[in-house]
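Visitor: Below is the structure I would like to discuss, written out as structure tokens.
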Amino acid sequence: MDSAELQAMLREKMEQMPNKARRVVEYLLSNTREAAFLSIGEVAEKLDVSKAQLVRVSRMVGFSGYADLKDALQNSVLEHVNPTALLSKIMKNRQDLPEEILRMEHANLDDTWNQLKPQNIVKFCEMVRQANMVYCMGWGISSLVAEALYTRLMEMGIRSSLMKRGSVALIEQARTVTKGDIVVVCELPSYVIEVTESIERISSNGAKVITITDSPAAPVCQLSDLSFFASETSPTFGSSIVGPVFLIHILTSVLCVNLGEKVRAALHDQEMGLHDERIYYPAYGLRY
């Protein structure tokens, strides 16, 4: 059963359910990724229902029990992070790939925007303003998002450092992060154990953690002081970074305006460097 079939079945069964059971199914439909990786006890506590109620709902929608339903939810999530499965689906349905990508990226931007809370933007700016050092962390494709943030912070004259896997493991780099620092970690599926372990180390050192992920189900969210969510659906190469980079663009743009004259001076200094003809072609009267 693929994700579309699972969602269609849940919606169909939900129509005949009493209110309490309907609320459980509505949660599963709206928070599939979160529910897929929480225990039955955690879901029961979140919805203020009993474990037995979750088992009954599972049977009402056609599963032998909650474990069986949870397996279906996890398979649904894995379908969305498996590039081969996504591409096979496109090929099977004979969809026009460029148009499908355009549709998905519009949806990613809309969904990322709709999850962005103004009070969290304010908190982000305040945390960066107060930080001794801002570390930008990412692994794999997520490191591209981290580097986009790092580049913007450097342009604004904010003390920052890029943390990604290289000759030194992330867990080793994490030792240098201390109280008074903040780490902004981007963690898109699939989630990486070393990233979570590094954030655990950083949190135990007393530093603050800001997460940019696709879902509250991401393990790093358990250690976060502030979380932002970006949609990253893609039909081909796993996670798209269009939504996350859009989020970075918004956060750093607001931060730039809030810091005012301090950032203006840093940007002016950078602008003067553009006239260094040892590095850049002349801005006016280009010569080749």
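Simple scheme: letters A, B, ... for chains in structure tokens order, numbers from 1 for residues in each chain, numbers from 1 for ligands in the order shown.
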As a list in words, please: the residues near Phe63 (chain A) (cut-off 12 Å, only C-alpha atoms, same-chain neighbours under 6 positions excluded).

Guide: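 Listed by chain and then number, they are Leu6, Met9, Leu10, Lys13, Leu54, Val55, Arg56, Val57, Leu69, Lys70, Asp71, Ala72 and Leu73 of chain A.
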
Visitor: Take the residues from that selection and put them in a file with C-alpha atoms, as a CSV table (one decimal), in the first residue's frame.

Guide:
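Contents of selection07.csv, as written:
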```csv
chain,number,residue,atom,x,y,z
A,6,LEU,CA,-3.1,4.7,2.8
A,9,MET,CA,-8.3,4.6,3.1
A,10,LEU,CA,-7.9,6.6,6.3
A,13,LYS,CA,-12.9,5.1,7.2
A,54,LEU,CA,-5.3,3.7,19.5
A,55,VAL,CA,-5.4,-0.1,19.1
A,56,ARG,CA,-9.2,0.1,18.5
A,57,VAL,CA,-8.8,2.9,15.9
A,69,LEU,CA,-0.7,0.7,11.4
A,70,LYS,CA,2.6,2.2,12.4
A,71,ASP,CA,4.5,0.0,9.9
A,72,ALA,CA,2.2,1.4,7.2
A,73,LEU,CA,2.9,4.9,8.3
```

Visitor: Which residues come within 9 Å of region 209-212 of chain A, counting only C-alpha atoms, excluding same-chain residues fewer than 6 positions away, as a ChimeraX atom specification?

Guide: /A:124,181-188,199,202-203,220-221,223-230,244,247

Visitor: Extract, using only C-alpha atoms, all DNA, RNA and protein residues at most 12 Å from region 105-107 of chain A, discarding same-chain residues fewer than 2 positions from it, and format them as a ChimeraX atom specification.

Guide: /A:98-103,109-114,230-235,239-246

Visitor: Quick one: write out the picked residues with N, CA and C atoms as a PDB file, in the first residue's frame?

Guide:
```pdb
ATOM      1  N   PRO A  98       9.313  18.196 -15.579  1.00  0.00           N
ATOM      2  CA  PRO A  98       9.529  19.610 -15.245  1.00  0.00           C
ATOM      3  C   PRO A  98       8.302  20.269 -14.609  1.00  0.00           C
ATOM      4  N   GLU A  99       7.127  19.974 -15.145  1.00  0.00           N
ATOM      5  CA  GLU A  99       5.905  20.557 -14.577  1.00  0.00           C
ATOM      6  C   GLU A  99       5.638  20.022 -13.173  1.00  0.00           C
ATOM      7  N   GLU A 100       5.931  18.738 -12.955  1.00  0.00           N
ATOM      8  CA  GLU A 100       5.722  18.157 -11.633  1.00  0.00           C
ATOM      9  C   GLU A 100       6.685  18.767 -10.616  1.00  0.00           C
ATOM     10  N   ILE A 101       7.928  18.990 -11.030  1.00  0.00           N
ATOM     11  CA  ILE A 101       8.897  19.637 -10.135  1.00  0.00           C
ATOM     12  C   ILE A 101       8.443  21.058  -9.802  1.00  0.00           C
ATOM     13  N   LEU A 102       7.980  21.794 -10.813  1.00  0.00           N
ATOM     14  CA  LEU A 102       7.487  23.159 -10.584  1.00  0.00           C
ATOM     15  C   LEU A 102       6.331  23.153  -9.597  1.00  0.00           C
ATOM     16  N   ARG A 103       5.404  22.222  -9.766  1.00  0.00           N
ATOM     17  CA  ARG A 103       4.252  22.127  -8.858  1.00  0.00           C
ATOM     18  C   ARG A 103       4.715  21.835  -7.428  1.00  0.00           C
ATOM     19  N   LEU A 109       7.412  25.889  -1.144  1.00  0.00           N
ATOM     20  CA  LEU A 109       7.511  27.288  -0.712  1.00  0.00           C
ATOM     21  C   LEU A 109       6.280  27.704   0.089  1.00  0.00           C
ATOM     22  N   ASP A 110       5.101  27.345  -0.406  1.00  0.00           N
ATOM     23  CA  ASP A 110       3.863  27.691   0.302  1.00  0.00           C
ATOM     24  C   ASP A 110       3.820  27.043   1.675  1.00  0.00           C
ATOM     25  N   ASP A 111       4.189  25.764   1.732  1.00  0.00           N
ATOM     26  CA  ASP A 111       4.130  25.041   3.002  1.00  0.00           C
ATOM     27  C   ASP A 111       5.152  25.586   3.991  1.00  0.00           C
ATOM     28  N   THR A 112       6.352  25.893   3.493  1.00  0.00           N
ATOM     29  CA  THR A 112       7.387  26.475   4.366  1.00  0.00           C
ATOM     30  C   THR A 112       6.920  27.822   4.913  1.00  0.00           C
ATOM     31  N   TRP A 113       6.342  28.640   4.058  1.00  0.00           N
ATOM     32  CA  TRP A 113       5.827  29.945   4.474  1.00  0.00           C
ATOM     33  C   TRP A 113       4.722  29.802   5.511  1.00  0.00           C
ATOM     34  N   ASN A 114       3.814  28.867   5.305  1.00  0.00           N
ATOM     35  CA  ASN A 114       2.677  28.700   6.208  1.00  0.00           C
ATOM     36  C   ASN A 114       3.089  28.182   7.583  1.00  0.00           C
ATOM     37  N   ALA A 230      10.635  23.292   7.174  1.00  0.00           N
ATOM     38  CA  ALA A 230      10.609  23.605   5.746  1.00  0.00           C
ATOM     39  C   ALA A 230      10.207  22.353   4.989  1.00  0.00           C
ATOM     40  N   SER A 231       9.333  22.515   4.017  1.00  0.00           N
ATOM     41  CA  SER A 231       8.912  21.391   3.186  1.00  0.00           C
ATOM     42  C   SER A 231       9.976  21.106   2.134  1.00  0.00           C
ATOM     43  N   GLU A 232      10.247  19.808   1.861  1.00  0.00           N
ATOM     44  CA  GLU A 232      11.371  19.467   0.979  1.00  0.00           C
ATOM     45  C   GLU A 232      11.022  18.362  -0.021  1.00  0.00           C
ATOM     46  N   THR A 233       9.748  18.248  -0.374  1.00  0.00           N
ATOM     47  CA  THR A 233       9.325  17.174  -1.272  1.00  0.00           C
ATOM     48  C   THR A 233       9.936  17.326  -2.662  1.00  0.00           C
ATOM     49  N   SER A 234      10.435  16.212  -3.195  1.00  0.00           N
ATOM     50  CA  SER A 234      11.042  16.211  -4.526  1.00  0.00           C
ATOM     51  C   SER A 234      10.759  14.876  -5.199  1.00  0.00           C
ATOM     52  N   PRO A 235      10.552  14.863  -6.511  1.00  0.00           N
ATOM     53  CA  PRO A 235      10.267  13.593  -7.194  1.00  0.00           C
ATOM     54  C   PRO A 235      11.512  12.828  -7.629  1.00  0.00           C
ATOM     55  N   SER A 239      15.584  14.975  -0.824  1.00  0.00           N
ATOM     56  CA  SER A 239      15.139  16.273  -0.311  1.00  0.00           C
ATOM     57  C   SER A 239      15.491  17.415  -1.264  1.00  0.00           C
ATOM     58  N   SER A 240      14.518  18.290  -1.472  1.00  0.00           N
ATOM     59  CA  SER A 240      14.768  19.539  -2.186  1.00  0.00           C
ATOM     60  C   SER A 240      15.229  20.585  -1.174  1.00  0.00           C
ATOM     61  N   ILE A 241      16.147  21.454  -1.587  1.00  0.00           N
ATOM     62  CA  ILE A 241      16.609  22.501  -0.664  1.00  0.00           C
ATOM     63  C   ILE A 241      15.980  23.854  -0.979  1.00  0.00           C
ATOM     64  N   VAL A 242      15.041  23.901  -1.932  1.00  0.00           N
ATOM     65  CA  VAL A 242      14.416  25.173  -2.292  1.00  0.00           C
ATOM     66  C   VAL A 242      13.694  25.784  -1.096  1.00  0.00           C
ATOM     67  N   GLY A 243      12.852  24.989  -0.407  1.00  0.00           N
ATOM     68  CA  GLY A 243      12.134  25.484   0.767  1.00  0.00           C
ATOM     69  C   GLY A 243      13.069  25.903   1.891  1.00  0.00           C
ATOM     70  N   PRO A 244      14.036  25.050   2.285  1.00  0.00           N
ATOM     71  CA  PRO A 244      14.973  25.433   3.340  1.00  0.00           C
ATOM     72  C   PRO A 244      15.804  26.682   3.025  1.00  0.00           C
ATOM     73  N   VAL A 245      16.269  26.824   1.774  1.00  0.00           N
ATOM     74  CA  VAL A 245      17.051  28.019   1.412  1.00  0.00           C
ATOM     75  C   VAL A 245      16.157  29.260   1.419  1.00  0.00           C
ATOM     76  N   PHE A 246      14.911  29.101   0.994  1.00  0.00           N
ATOM     77  CA  PHE A 246      13.928  30.193   1.081  1.00  0.00           C
ATOM     78  C   PHE A 246      13.766  30.635   2.539  1.00  0.00           C
TER      79      PHE A 246
END
```

Visitor: Apply DSSP to the structure's backbone, then extract all residues of region 188-283 of chain A labelled strand (DSSP E) and return them as a list in words.

Guide: Lys208, Val209, Ile210, Thr211, Ile212, Thr213, Leu226, Ser227, Phe228 and Phe229 of chain A

Visitor: Counting only C-alpha atoms, which of A:Val25, A:Val122, A:Ile193, A:Leu255 gets nearest to Trp139 (chain A)?

Guide: A:Ile193
